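Heads up, coords_37.csv below (CSV, C-alpha atoms):
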chain,number,residue,atom,x,y,z
Y,24,MET,CA,0.0,0.0,0.0
Y,25,LYS,CA,1.4,3.4,-1.0
Y,26,LEU,CA,2.3,5.7,1.8
Y,27,GLN,CA,-0.4,8.4,2.2
Y,28,VAL,CA,0.7,12.0,2.4
Y,29,ASN,CA,-2.1,14.5,3.2
Y,30,ARG,CA,-1.7,18.0,1.8
Y,31,LEU,CA,-3.5,20.7,3.8
Y,32,ASN,CA,-5.6,23.1,1.9
Y,33,ILE,CA,-3.5,26.1,3.1
Y,34,ARG,CA,-1.2,28.3,1.0
Y,35,LEU,CA,0.7,31.2,2.6
Y,36,LYS,CA,1.6,33.7,-0.1
Y,37,PRO,CA,3.8,36.8,0.1
Y,38,ASP,CA,2.1,39.8,1.7
Y,39,VAL,CA,3.1,43.0,-0.2
Y,40,LYS,CA,1.8,45.1,2.7
Y,41,LYS,CA,4.5,44.0,5.1
Y,42,VAL,CA,7.0,46.8,4.9
Y,43,ILE,CA,9.8,48.1,7.1
Y,44,PRO,CA,11.3,51.6,7.1
Y,45,ARG,CA,14.9,51.6,5.8
Y,46,PHE,CA,17.5,54.2,5.5
Y,47,PHE,CA,17.4,55.6,1.9
Y,48,ASN,CA,21.1,55.9,0.9
Y,49,THR,CA,21.5,58.3,-2.0
Y,50,GLY,CA,25.2,58.8,-1.7
Y,51,ASP,CA,26.8,61.8,-0.1
Y,52,GLU,CA,26.8,64.0,-3.2
Y,53,ARG,CA,23.1,63.6,-3.8
Y,54,ALA,CA,22.3,63.7,-0.1
Y,55,GLY,CA,24.1,67.0,0.3
Y,56,LEU,CA,22.0,68.6,-2.5
Y,57,LEU,CA,18.8,67.1,-1.1
Y,58,ILE,CA,19.6,68.5,2.4
Y,59,HIS,CA,20.3,71.9,0.8
Y,60,ARG,CA,16.9,71.9,-0.9
Y,61,VAL,CA,15.1,71.1,2.3
Y,62,LEU,CA,17.0,73.8,4.2
Y,63,GLN,CA,15.8,76.4,1.6
Y,64,LEU,CA,12.1,75.7,2.4
Y,65,PRO,CA,10.4,78.2,4.5
Y,66,ASP,CA,9.7,76.8,8.0
Y,67,ILE,CA,6.0,77.0,7.6
Y,68,GLN,CA,6.1,75.0,4.3
Y,69,ALA,CA,8.5,72.4,5.8
Y,70,SER,CA,6.1,71.9,8.8
Y,71,ALA,CA,3.1,71.5,6.5
Y,72,LEU,CA,5.0,68.9,4.4
Y,73,LEU,CA,6.1,67.0,7.4
Y,74,GLN,CA,2.5,66.9,8.7
Y,75,GLN,CA,1.4,65.6,5.3
Y,76,VAL,CA,4.0,62.7,5.6
Y,77,ARG,CA,3.0,61.9,9.1
Y,78,ASP,CA,-0.7,61.8,8.2
Y,79,GLU,CA,0.0,59.4,5.3
Y,80,PHE,CA,2.4,57.0,7.1
Y,81,GLY,CA,2.0,57.6,10.8
Y,82,ASN,CA,-0.5,54.8,11.4
Y,83,LYS,CA,1.9,52.2,9.9
Y,84,TYR,CA,4.6,52.5,12.5
Y,85,HIS,CA,4.7,52.6,16.3
Y,86,ASP,CA,7.0,55.7,16.3
Y,87,LEU,CA,7.5,57.4,13.0
Y,88,VAL,CA,9.2,60.4,14.6
Y,89,ALA,CA,11.9,58.1,16.1
Y,90,ILE,CA,12.5,56.6,12.6
Y,91,PHE,CA,12.9,60.1,11.1
Y,92,GLU,CA,15.3,61.1,13.9
Y,93,LYS,CA,17.4,58.0,13.4
Y,94,HIS,CA,17.7,58.4,9.6
Y,95,GLY,CA,18.3,62.1,10.0
Y,96,ARG,CA,21.3,61.3,12.2
Y,97,GLU,CA,22.7,59.2,9.4
Y,98,VAL,CA,23.2,62.3,7.2
Y,99,ALA,CA,23.8,64.9,10.0
Y,100,HIS,CA,27.5,65.2,8.9
Y,101,LEU,CA,26.3,66.6,5.6
Y,102,VAL,CA,24.5,69.6,7.1
Y,103,PRO,CA,26.6,72.7,6.8
Y,104,ILE,CA,28.0,73.7,10.2
Y,105,GLY,CA,26.7,77.3,9.9
Y,106,ASP,CA,23.2,76.1,9.2
Y,107,GLU,CA,23.0,73.4,11.8
Y,108,PRO,CA,22.0,75.6,14.8
Y,109,LYS,CA,19.2,77.3,12.8
Y,110,ILE,CA,17.3,74.2,11.7
Y,111,SER,CA,13.9,73.8,13.2
Y,112,VAL,CA,12.7,70.6,14.8
Y,113,ASP,CA,10.2,70.0,12.0
Y,114,LYS,CA,12.9,70.6,9.3
Y,115,ARG,CA,15.2,68.1,11.0
Y,116,LEU,CA,12.4,65.5,11.0
Y,117,LEU,CA,11.6,66.3,7.3
Y,118,ILE,CA,15.2,65.7,6.4
Y,119,GLY,CA,14.9,62.3,8.1
Y,120,ALA,CA,11.7,61.6,6.1
Y,121,TYR,CA,13.6,62.3,2.8
Y,122,PHE,CA,16.1,59.7,3.8
Y,123,THR,CA,13.5,57.0,4.7
Y,124,MET,CA,12.1,54.4,2.3
Y,125,GLU,CA,9.7,51.6,2.7
Y,126,TYR,CA,11.0,48.1,2.0
Y,127,SER,CA,8.6,45.3,1.1
Y,128,LEU,CA,10.0,42.3,3.0
Y,129,GLU,CA,8.3,39.5,1.2
Y,130,HIS,CA,7.1,41.0,-2.0
Y,131,ALA,CA,8.9,38.3,-4.0
Y,132,ALA,CA,8.5,35.2,-1.8
Y,133,LEU,CA,7.6,33.7,1.6
Y,134,PHE,CA,9.1,30.3,1.6
Y,135,ASN,CA,11.6,27.6,3.0
Y,136,PRO,CA,9.8,27.2,6.4
Y,137,SER,CA,11.0,25.7,9.6
Y,138,ILE,CA,8.9,24.8,12.7
Y,139,VAL,CA,9.6,24.2,16.4
Y,140,VAL,CA,7.5,23.6,19.5
Y,141,ALA,CA,6.9,27.1,21.1
Y,142,PRO,CA,8.5,27.8,24.5
Y,143,ASP,CA,5.0,29.0,25.8
Y,144,GLN,CA,2.4,26.3,25.8
Y,145,SER,CA,-0.3,28.3,27.6
Y,146,ASN,CA,-3.8,28.5,26.2
Y,147,THR,CA,-3.7,25.1,24.7
Y,148,ALA,CA,-6.4,22.4,25.1
Y,149,THR,CA,-5.7,18.7,25.4
Y,150,ASN,CA,-3.7,17.4,22.4
Y,151,GLU,CA,-3.0,20.9,21.1
Y,152,LEU,CA,0.5,22.3,20.5
Y,153,ASN,CA,1.7,25.9,20.2
Y,154,VAL,CA,4.4,26.1,17.5
Y,155,ILE,CA,6.6,28.8,16.0
Y,156,LEU,CA,7.3,28.9,12.3
Y,157,SER,CA,10.2,30.7,10.6
Y,158,PHE,CA,10.2,31.7,6.9
Y,159,ARG,CA,12.6,33.1,4.4
Y,160,ALA,CA,11.1,36.4,3.2
Y,161,THR,CA,12.5,37.8,0.0
Y,162,GLY,CA,11.9,41.3,-1.3
Y,163,GLU,CA,13.3,44.0,-3.6
Y,164,GLY,CA,16.8,43.1,-4.8
Y,165,HIS,CA,16.3,39.5,-3.8
Y,166,ILE,CA,17.4,40.3,-0.3
Y,167,SER,CA,16.2,37.7,2.2
Y,168,SER,CA,15.3,38.2,5.8
Y,169,LEU,CA,14.0,36.0,8.6
Y,170,VAL,CA,10.3,36.3,9.7
Y,171,PHE,CA,8.1,34.4,12.1
Y,172,LYS,CA,4.5,33.3,12.7
Y,173,ALA,CA,2.9,31.8,15.8
Y,174,ALA,CA,0.4,29.0,15.3
Y,175,LYS,CA,-1.4,26.1,17.0
Y,176,LEU,CA,-1.6,22.5,15.9
Y,177,ASP,CA,-4.9,21.0,16.9
Y,178,ASN,CA,-5.9,17.5,17.8
Y,179,ASN,CA,-5.8,16.5,14.1
Y,180,ALA,CA,-2.5,18.2,13.3
Y,181,ARG,CA,-4.3,21.0,11.5
Y,182,ILE,CA,-2.6,24.4,11.8
Y,183,HIS,CA,-4.3,27.6,13.0
Y,184,PHE,CA,-2.3,30.8,12.8
Y,185,ALA,CA,-2.3,33.6,15.3
Y,186,PRO,CA,-3.3,37.1,14.0
Y,187,THR,CA,-0.6,39.0,12.2
Y,188,SER,CA,0.2,42.5,13.4
Y,189,GLN,CA,0.5,45.4,11.0
Y,190,TYR,CA,3.6,46.7,12.9
Y,191,LEU,CA,7.1,45.4,12.4
Y,192,TYR,CA,10.4,45.7,14.3
Y,193,GLU,CA,14.0,45.1,13.2
Y,194,GLY,CA,15.3,44.9,16.8
Y,195,ALA,CA,18.1,46.8,18.6
Y,196,VAL,CA,21.5,45.7,17.4
Y,197,THR,CA,24.6,45.0,19.6
Y,198,LEU,CA,27.7,43.9,17.7
Y,199,HIS,CA,30.1,41.3,19.0
Y,200,GLU,CA,33.3,39.8,17.7
Y,201,THR,CA,31.8,37.1,15.5
Y,202,GLY,CA,28.3,38.5,14.9
Y,203,TYR,CA,25.7,40.5,16.7
Y,204,GLU,CA,22.7,40.3,19.1
Y,205,LEU,CA,19.2,41.6,18.6
Y,206,GLN,CA,16.8,42.7,21.2
Y,207,PHE,CA,13.1,43.2,20.4
Y,208,PRO,CA,10.5,44.9,22.7
Y,209,PRO,CA,9.1,42.3,25.0
Y,210,ALA,CA,5.6,43.6,24.3
Y,211,SER,CA,6.0,43.0,20.6
Y,212,THR,CA,4.3,40.0,19.1
Y,213,LEU,CA,6.2,37.3,17.3
Y,214,SER,CA,5.0,38.3,13.9
Y,215,GLU,CA,6.3,41.8,14.4
Y,216,ARG,CA,9.9,40.7,14.8
Y,217,ILE,CA,12.0,40.8,11.7
Y,218,ILE,CA,15.7,39.7,11.4
Y,219,PHE,CA,17.0,41.8,8.5
Y,220,PRO,CA,20.6,41.5,7.4
Y,221,VAL,CA,22.9,43.5,9.7
Y,222,VAL,CA,26.6,42.6,9.1
Y,223,PRO,CA,28.5,42.6,5.8
Y,224,THR,CA,28.6,38.8,5.5
Y,225,GLU,CA,24.8,38.7,5.2
Y,226,LYS,CA,24.1,42.0,3.5
Y,227,ASN,CA,22.4,40.2,0.5
Y,228,GLY,CA,20.5,37.7,2.6
Y,229,ILE,CA,19.7,35.6,5.6
Y,230,GLU,CA,18.6,32.4,3.9
Y,231,ASP,CA,17.0,29.1,4.9
Y,232,ALA,CA,17.0,29.1,8.7
Y,233,ARG,CA,16.7,25.6,10.1
Y,234,PHE,CA,15.6,25.8,13.7
Y,235,THR,CA,15.8,23.0,16.3
Y,236,ARG,CA,14.7,22.9,19.9
Y,237,PHE,CA,18.1,22.0,21.4
Y,238,THR,CA,18.1,20.3,24.8
Y,239,HIS,CA,21.4,20.7,26.7
Y,240,ASP,CA,23.0,18.2,29.0
Y,241,ASP,CA,21.5,19.9,32.1
Y,242,GLY,CA,18.0,19.9,30.6
Y,243,THR,CA,17.8,23.6,29.6
Y,244,VAL,CA,16.5,24.4,26.2
Y,245,THR,CA,17.9,26.8,23.5
Y,246,TYR,CA,16.3,27.3,20.1
Y,247,ILE,CA,19.2,27.1,17.6
Y,248,GLY,CA,18.9,27.7,13.9
Y,249,THR,CA,21.5,27.4,11.2
Y,250,TYR,CA,21.2,29.8,8.3
Y,251,THR,CA,23.2,30.8,5.2
Y,252,ALA,CA,24.6,34.3,5.2
Y,253,TYR,CA,25.1,35.7,1.7
Y,254,ASP,CA,27.0,38.9,0.9
Y,255,GLY,CA,26.3,38.9,-2.9
Y,256,SER,CA,29.2,36.6,-3.8
Y,257,THR,CA,30.1,34.4,-0.9
Y,258,ILE,CA,28.0,32.1,1.3
Y,259,ARG,CA,28.8,31.4,5.0
Y,260,PRO,CA,27.0,29.3,7.6
Y,261,HIS,CA,25.8,31.2,10.7
Y,262,LEU,CA,23.9,30.3,13.8
Y,263,VAL,CA,21.0,32.1,15.4
Y,264,GLU,CA,20.3,31.3,19.1
Y,265,THR,CA,17.4,32.3,21.3
Y,266,THR,CA,15.5,31.1,24.4
Y,267,ASP,CA,12.5,33.3,24.0
Y,268,PHE,CA,12.3,34.6,20.4
Y,269,ILE,CA,12.8,38.1,21.9
Y,270,ARG,CA,16.6,38.1,22.2
Y,271,PHE,CA,18.7,36.6,19.5
Y,272,ARG,CA,22.4,36.0,19.1
Y,273,MET,CA,23.8,35.6,15.6
Y,274,THR,CA,27.3,34.0,15.2
Y,275,GLN,CA,29.4,33.0,12.1
Y,276,LEU,CA,30.6,29.4,12.3
Y,277,SER,CA,34.3,28.6,11.8
Y,278,GLY,CA,36.3,25.5,10.9
Y,279,LYS,CA,37.3,23.4,7.8
Y,280,VAL,CA,33.8,22.0,7.3
Y,281,ALA,CA,31.8,25.1,8.2
Y,282,ILE,CA,31.3,25.8,4.5
Y,283,ASN,CA,28.6,25.7,1.9
Y,284,LYS,CA,24.8,25.5,2.7
Y,285,ASN,CA,22.3,23.1,4.1
Y,286,LEU,CA,23.5,22.6,7.7
Y,287,ALA,CA,21.1,21.3,10.2
Y,288,LEU,CA,21.8,20.7,13.9
Y,289,PHE,CA,20.8,17.6,15.9
Y,290,PRO,CA,18.4,18.5,18.8
Y,291,ARG,CA,20.8,17.2,21.4
Y,292,LYS,CA,24.5,16.1,21.7
Y,293,VAL,CA,25.3,12.7,20.2
Y,294,ASN,CA,27.9,10.7,22.2
Y,295,GLY,CA,29.0,13.9,24.0
Y,296,GLN,CA,29.4,16.1,20.9
Y,297,TYR,CA,27.4,18.5,18.9
Y,298,ALA,CA,26.3,17.0,15.6
Y,299,MET,CA,25.1,18.4,12.3
Y,300,ILE,CA,24.1,17.2,8.9
Y,301,GLY,CA,25.4,19.3,6.0
Y,302,ARG,CA,26.0,19.2,2.3
Y,303,ILE,CA,29.5,20.6,2.3
Y,304,ASP,CA,30.5,19.5,-1.2
Y,305,GLY,CA,27.3,20.5,-2.9
Y,306,PHE,CA,25.9,17.1,-3.7
Y,307,ASN,CA,26.3,14.6,-0.8
Y,308,ASN,CA,25.1,14.6,2.8
Y,309,TYR,CA,27.8,14.7,5.5
Y,310,ILE,CA,27.7,14.2,9.2
Y,311,MET,CA,29.7,16.7,11.2
Y,312,TYR,CA,30.9,16.9,14.8
Y,313,SER,CA,32.0,19.7,17.1
Y,314,GLU,CA,33.1,20.1,20.7
Y,315,ASP,CA,31.8,23.7,21.2
Y,316,LEU,CA,29.0,24.3,18.6
Y,317,TYR,CA,30.8,27.1,16.8
Y,318,HIS,CA,33.9,25.5,15.3
Y,319,TRP,CA,33.5,22.5,13.0
Y,320,ASP,CA,36.5,20.6,11.6
Y,321,THR,CA,35.3,17.0,11.4
Y,322,ALA,CA,33.0,15.6,8.7
Y,323,ALA,CA,32.3,12.2,7.0
Y,324,VAL,CA,30.1,11.3,4.0
Y,325,LEU,CA,26.7,10.2,5.3
Y,326,GLN,CA,24.7,9.8,2.1
Y,327,THR,CA,25.3,9.9,-1.6
Y,328,PRO,CA,22.6,10.1,-4.3
Y,329,GLN,CA,21.1,6.7,-4.8
Y,330,TYR,CA,17.9,7.0,-6.7
Y,331,PRO,CA,17.2,8.8,-10.0
Y,332,TRP,CA,15.1,11.6,-8.3
Y,333,GLU,CA,18.1,12.6,-6.2
Y,334,TYR,CA,21.0,12.0,-8.7
Y,335,VAL,CA,21.9,15.7,-9.0
Y,336,GLN,CA,22.2,16.2,-5.2
Y,337,ILE,CA,20.9,15.1,-1.9
Y,338,GLY,CA,20.6,17.3,1.2
Y,339,ASN,CA,18.6,17.6,4.4
Y,340,ALA,CA,15.3,19.4,4.6
Y,341,GLY,CA,15.5,20.2,8.3
Y,342,PRO,CA,17.1,19.0,11.5
Y,343,PRO,CA,17.0,15.3,12.5
Y,344,ILE,CA,14.0,14.2,14.5
Y,345,GLU,CA,14.4,11.7,17.3
Y,346,THR,CA,12.0,8.7,17.1
Y,347,ASP,CA,11.8,5.3,18.7
Y,348,LYS,CA,13.2,3.7,15.6
Y,349,GLY,CA,16.1,6.2,14.9
Y,350,TRP,CA,16.9,9.7,13.7
Y,351,LEU,CA,14.4,10.7,11.1
Y,352,VAL,CA,15.8,13.1,8.5
Y,353,ILE,CA,13.6,14.6,5.8
Y,354,THR,CA,15.8,15.0,2.8
Y,355,HIS,CA,15.6,16.8,-0.5
Y,356,GLY,CA,16.7,15.4,-3.8
Y,357,VAL,CA,17.2,17.0,-7.2
Y,358,GLY,CA,16.5,15.1,-10.4
Y,359,PRO,CA,15.8,15.7,-14.1
Y,360,MET,CA,14.7,19.3,-15.1
Y,361,ARG,CA,16.1,20.4,-11.7
Y,362,LYS,CA,13.0,19.1,-10.0
Y,363,TYR,CA,13.3,19.2,-6.2
Y,364,CYS,CA,11.4,16.5,-4.2
Y,365,LEU,CA,11.3,15.6,-0.5
Y,366,GLY,CA,12.4,12.2,0.8
Y,367,ALA,CA,13.0,10.6,4.1
Y,368,SER,CA,15.8,8.6,5.7
Y,369,LEU,CA,16.4,6.9,9.1
Y,370,PHE,CA,19.7,6.7,11.0
Y,371,ASP,CA,20.9,4.8,14.1
Y,372,LEU,CA,20.2,6.6,17.4
Y,373,GLN,CA,23.5,5.7,18.9
Y,374,ASP,CA,25.6,6.0,15.8
Y,375,PRO,CA,23.9,8.3,13.3
Y,376,SER,CA,26.6,7.6,10.7
Y,377,ILE,CA,24.7,4.4,10.1
Y,378,GLU,CA,21.8,4.7,7.6
Y,379,LEU,CA,19.1,2.3,8.5
Y,380,GLY,CA,16.9,3.0,5.5
Y,381,ARG,CA,15.8,5.5,2.8
Y,382,LEU,CA,12.6,5.9,0.8
Y,383,GLN,CA,13.1,4.8,-2.7
Y,384,GLU,CA,10.4,7.2,-4.0
Y,385,PRO,CA,9.9,10.8,-3.0
Y,386,LEU,CA,7.8,11.5,0.0
Y,387,LEU,CA,6.5,14.7,-1.6
Y,388,MET,CA,7.0,15.9,-5.2
Y,389,PRO,CA,5.6,19.0,-6.9
Y,390,GLU,CA,2.0,18.7,-8.0
Y,391,GLU,CA,0.7,20.7,-11.0
Y,392,ASP,CA,-0.4,23.7,-8.9
Y,393,GLU,CA,3.0,23.7,-7.1
Y,394,ARG,CA,5.3,23.7,-10.1
Y,395,HIS,CA,5.2,27.4,-10.9
Y,396,GLY,CA,6.9,30.2,-9.0
Y,397,TYR,CA,10.2,32.0,-8.7
Y,398,VAL,CA,12.1,28.7,-9.1
Y,399,PRO,CA,9.8,26.2,-10.9
Y,400,ASN,CA,9.3,22.5,-10.0
Y,401,VAL,CA,10.4,22.8,-6.3
Y,402,VAL,CA,9.1,21.5,-3.0
Y,403,TYR,CA,11.5,22.2,-0.1
Y,404,SER,CA,11.5,22.4,3.7
Y,405,CYS,CA,13.7,23.6,6.5
Y,406,GLY,CA,12.1,21.6,9.3
Y,407,ALA,CA,9.2,19.4,10.4
Y,408,LEU,CA,8.0,18.1,13.8
Y,409,VAL,CA,6.0,15.3,15.3
Y,410,HIS,CA,2.5,16.0,16.8
Y,411,ARG,CA,0.7,13.1,18.3
Y,412,ASP,CA,0.9,10.4,15.6
Y,413,GLN,CA,1.6,12.7,12.7
Y,414,LEU,CA,4.7,14.2,11.1
Y,415,PHE,CA,3.8,17.8,10.3
Y,416,ILE,CA,5.7,19.2,7.3
Y,417,PRO,CA,5.6,22.8,6.2
Y,418,TYR,CA,7.1,23.1,2.8
Y,419,ALA,CA,8.0,25.7,0.2
Y,420,VAL,CA,6.3,25.8,-3.2
Y,421,SER,CA,8.6,26.7,-6.1
Y,422,ASP,CA,10.5,29.3,-4.0
Y,423,TYR,CA,7.4,31.5,-3.8
Y,424,ALA,CA,4.8,30.4,-1.2
Y,425,THR,CA,4.4,27.9,1.7
Y,426,SER,CA,2.1,24.9,2.1
Y,427,PHE,CA,1.7,22.1,4.6
Y,428,ALA,CA,1.4,18.3,4.6
Y,429,THR,CA,1.1,15.5,7.2
Y,430,VAL,CA,1.9,11.8,7.2
Y,431,VAL,CA,1.4,9.2,9.9
Y,432,LEU,CA,4.8,8.9,11.5
Y,433,GLN,CA,4.8,5.1,12.1
Y,434,GLU,CA,3.7,4.4,8.6
Y,435,LEU,CA,6.5,6.5,7.3
Y,436,LEU,CA,9.1,4.8,9.5
Y,437,ASN,CA,7.8,1.4,8.6
Y,438,ASP,CA,8.0,2.4,4.9
Y,439,ILE,CA,11.6,3.5,5.2
Y,440,LEU,CA,12.7,0.3,6.9
Y,441,ARG,CA,10.6,-1.9,4.6
Y,442,VAL,CA,12.6,-1.0,1.5
Y,443,GLN,CA,15.9,-2.4,2.7
Is it possible to give me this structure as structure tokens?
Amino acid sequence: MKLQVNRLNIRLKPDVKKVIPRFFNTGDERAGLLIHRVLQLPDIQASALLQQVRDEFGNKYHDLVAIFEKHGREVAHLVPIGDEPKISVDKRLLIGAYFTMEYSLEHAALFNPSIVVAPDQSNTATNELNVILSFRATGEGHISSLVFKAAKLDNNARIHFAPTSQYLYEGAVTLHETGYELQFPPASTLSERIIFPVVPTEKNGIEDARFTRFTHDDGTVTYIGTYTAYDGSTIRPHLVETTDFIRFRMTQLSGKVAINKNLALFPRKVNGQYAMIGRIDGFNNYIMYSEDLYHWDTAAVLQTPQYPWEYVQIGNAGPPIETDKGWLVITHGVGPMRKYCLGASLFDLQDPSIELGRLQEPLLMPEEDERHGYVPNVVYSCGALVHRDQLFIPYAVSDYATSFATVVLQELLNDILRVQ
């Protein structure tokens, strides 16, 4: 009997109304001319123009004045010294408004989802589960950022999303030696928190976060995600860590095998070491180990393409999931016409370098209404989880939108082991 995968009738598409205010960098020469023009305006005209801008955009942001003040400071060095003391408050804010632009976070795509059990399980009924989903949001210039949604899985593993706020925050940045930290207002909701590229290594994108709920040896929990930082020419693996999804720490990984894309962390140490799965050579799956989480020097080939639908490459589609029969890894494979499909493999709990089984056929392949998007013929995921007897799989549709599927866990595990 063929394994039954149930697609949910839900499709999350990009929301063009989700915008953040960014600094509008025109270059010093143009900026100087623009500031000169604003300074020539009569104060009464400048005040009227500022009020017009505030009336048009004020209800979209918690504190539009603070945004204008911040962006005004970015160009304050271009204001002639003799003019600086004479500038009115309104004119200063108007200068900030001229150097502010709205950026549509997910105009191009909302895809490559990951999912974890939420730290807060309040307001759940029996057999319900609060979850957090992360997504890669892509906007103008193909710049990717990290966004979140809160949701609940019900008794039947159906997903129900919390309301999405109209406000968005980028978070307060504190730089450290190998990355940075972000602090969001505690009163903000999850959907308001945006992780937009901060440091040069990620200026063109924060891509494909794979979150896992990591349990330390002492029983404490940290949510750790791997992601790809892209600067426009080079990719580097980074980590994002949080305990509450309010404070985040971003760190660049180091070491001989901390390269390429597609890294996914095991949810606990394995035989006393941190462990990850990664596709460090571009087409095989590797297993990697580290003593300290941040430096990775050791890797060994774990899987090579075996079936025609994965001949081009095989990689993970999210962190390993611990089950009673082994480590379950949802994989992706690429076949003819660069078609991406999802598969599944099982590895030994004590020695995950041992592959116990692998599906011969894809678990999920693009259906006709999933084959068209920014990158055609792709289904892809950055993480799944088990709820009751179901494996819940959020997945991307052709690098454009996000859909969801479920499969009975034990039937999947049995299918994987049966094909040996």
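Comparing Y:Tyr317, Y:Tyr363, Y:Tyr192, Y:Phe268 by their smallest distance to Asn400 in chain Y, the closest is Y:Tyr363 (using all atoms listed in the file).
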Compile the contact shell of Phe237 in chain Y as a PDB file with C-alpha atoms, keeping the file's coordinate frame: residues with an atom at most 6 Å away, counting all atoms listed in the file, same-chain residues fewer than 5 positions apart removed.
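After the write, result39.pdb holds the following:
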ATOM      1  CA  VAL Y 244      16.500  24.400  26.200  1.00  0.00           C
ATOM      2  CA  THR Y 245      17.900  26.800  23.500  1.00  0.00           C
ATOM      3  CA  TYR Y 246      16.300  27.300  20.100  1.00  0.00           C
ATOM      4  CA  PRO Y 290      18.400  18.500  18.800  1.00  0.00           C
ATOM      5  CA  ARG Y 291      20.800  17.200  21.400  1.00  0.00           C
TER       6      ARG Y 291
END
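Counting all atoms listed in the file, the residue from Y:Val154, Y:Leu436, Y:Ala132, Y:Ala89 that sits nearest to Ala407 in chain Y is Y:Val154.
Our summary of the geometry notes that CA of Val263 in chain Y is positioned 14.2 Å from CA of Thr224 in chain Y.
Each of Y:Pro223, Y:Pro136, Y:Gly338, Y:Gly396 was compared to Leu198 in chain Y using all atoms listed in the file, and Y:Pro223 turns out to be the nearest.
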Range 296-299 of chain Y surroundings by all atoms listed in the file, 7 Å radius, close-in-sequence under 4 positions cut, as a PDB file with C-alpha atoms, keeping the file's coordinate frame:
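Saved as out_25.pdb:
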ATOM      1  CA  LEU Y 286      23.500  22.600   7.700  1.00  0.00           C
ATOM      2  CA  ALA Y 287      21.100  21.300  10.200  1.00  0.00           C
ATOM      3  CA  LEU Y 288      21.800  20.700  13.900  1.00  0.00           C
ATOM      4  CA  PHE Y 289      20.800  17.600  15.900  1.00  0.00           C
ATOM      5  CA  LYS Y 292      24.500  16.100  21.700  1.00  0.00           C
ATOM      6  CA  ILE Y 310      27.700  14.200   9.200  1.00  0.00           C
ATOM      7  CA  MET Y 311      29.700  16.700  11.200  1.00  0.00           C
ATOM      8  CA  TYR Y 312      30.900  16.900  14.800  1.00  0.00           C
ATOM      9  CA  SER Y 313      32.000  19.700  17.100  1.00  0.00           C
ATOM     10  CA  GLU Y 314      33.100  20.100  20.700  1.00  0.00           C
ATOM     11  CA  LEU Y 316      29.000  24.300  18.600  1.00  0.00           C
TER      12      LEU Y 316
END
Shell of 10 Å around Arg259 in chain Y, only C-alpha atoms, local chain residues under 2 positions omitted, as a list in words:
Thr224, Glu225, Tyr250, Thr251, Ala252, Tyr253, Asp254, Thr257, His261, Gln275, Leu276, Ser277, Ala281, Ile282, Asn283 and Lys284 of chain Y
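Distances from Y:Gly406, Y:Pro108, Y:Gly358, Y:Gly278 to Asn339 in chain Y were compared using all atoms listed in the file, and the smallest one belongs to Y:Gly406.
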Find the distance between CA of Asp86 in chain Y and CA of Pro208 in chain Y and write it in Å to one decimal.
13.0 Å
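Interatomic distance, CA of Gln206 in chain Y to CA of Ala419 in chain Y: 28.4 Å.
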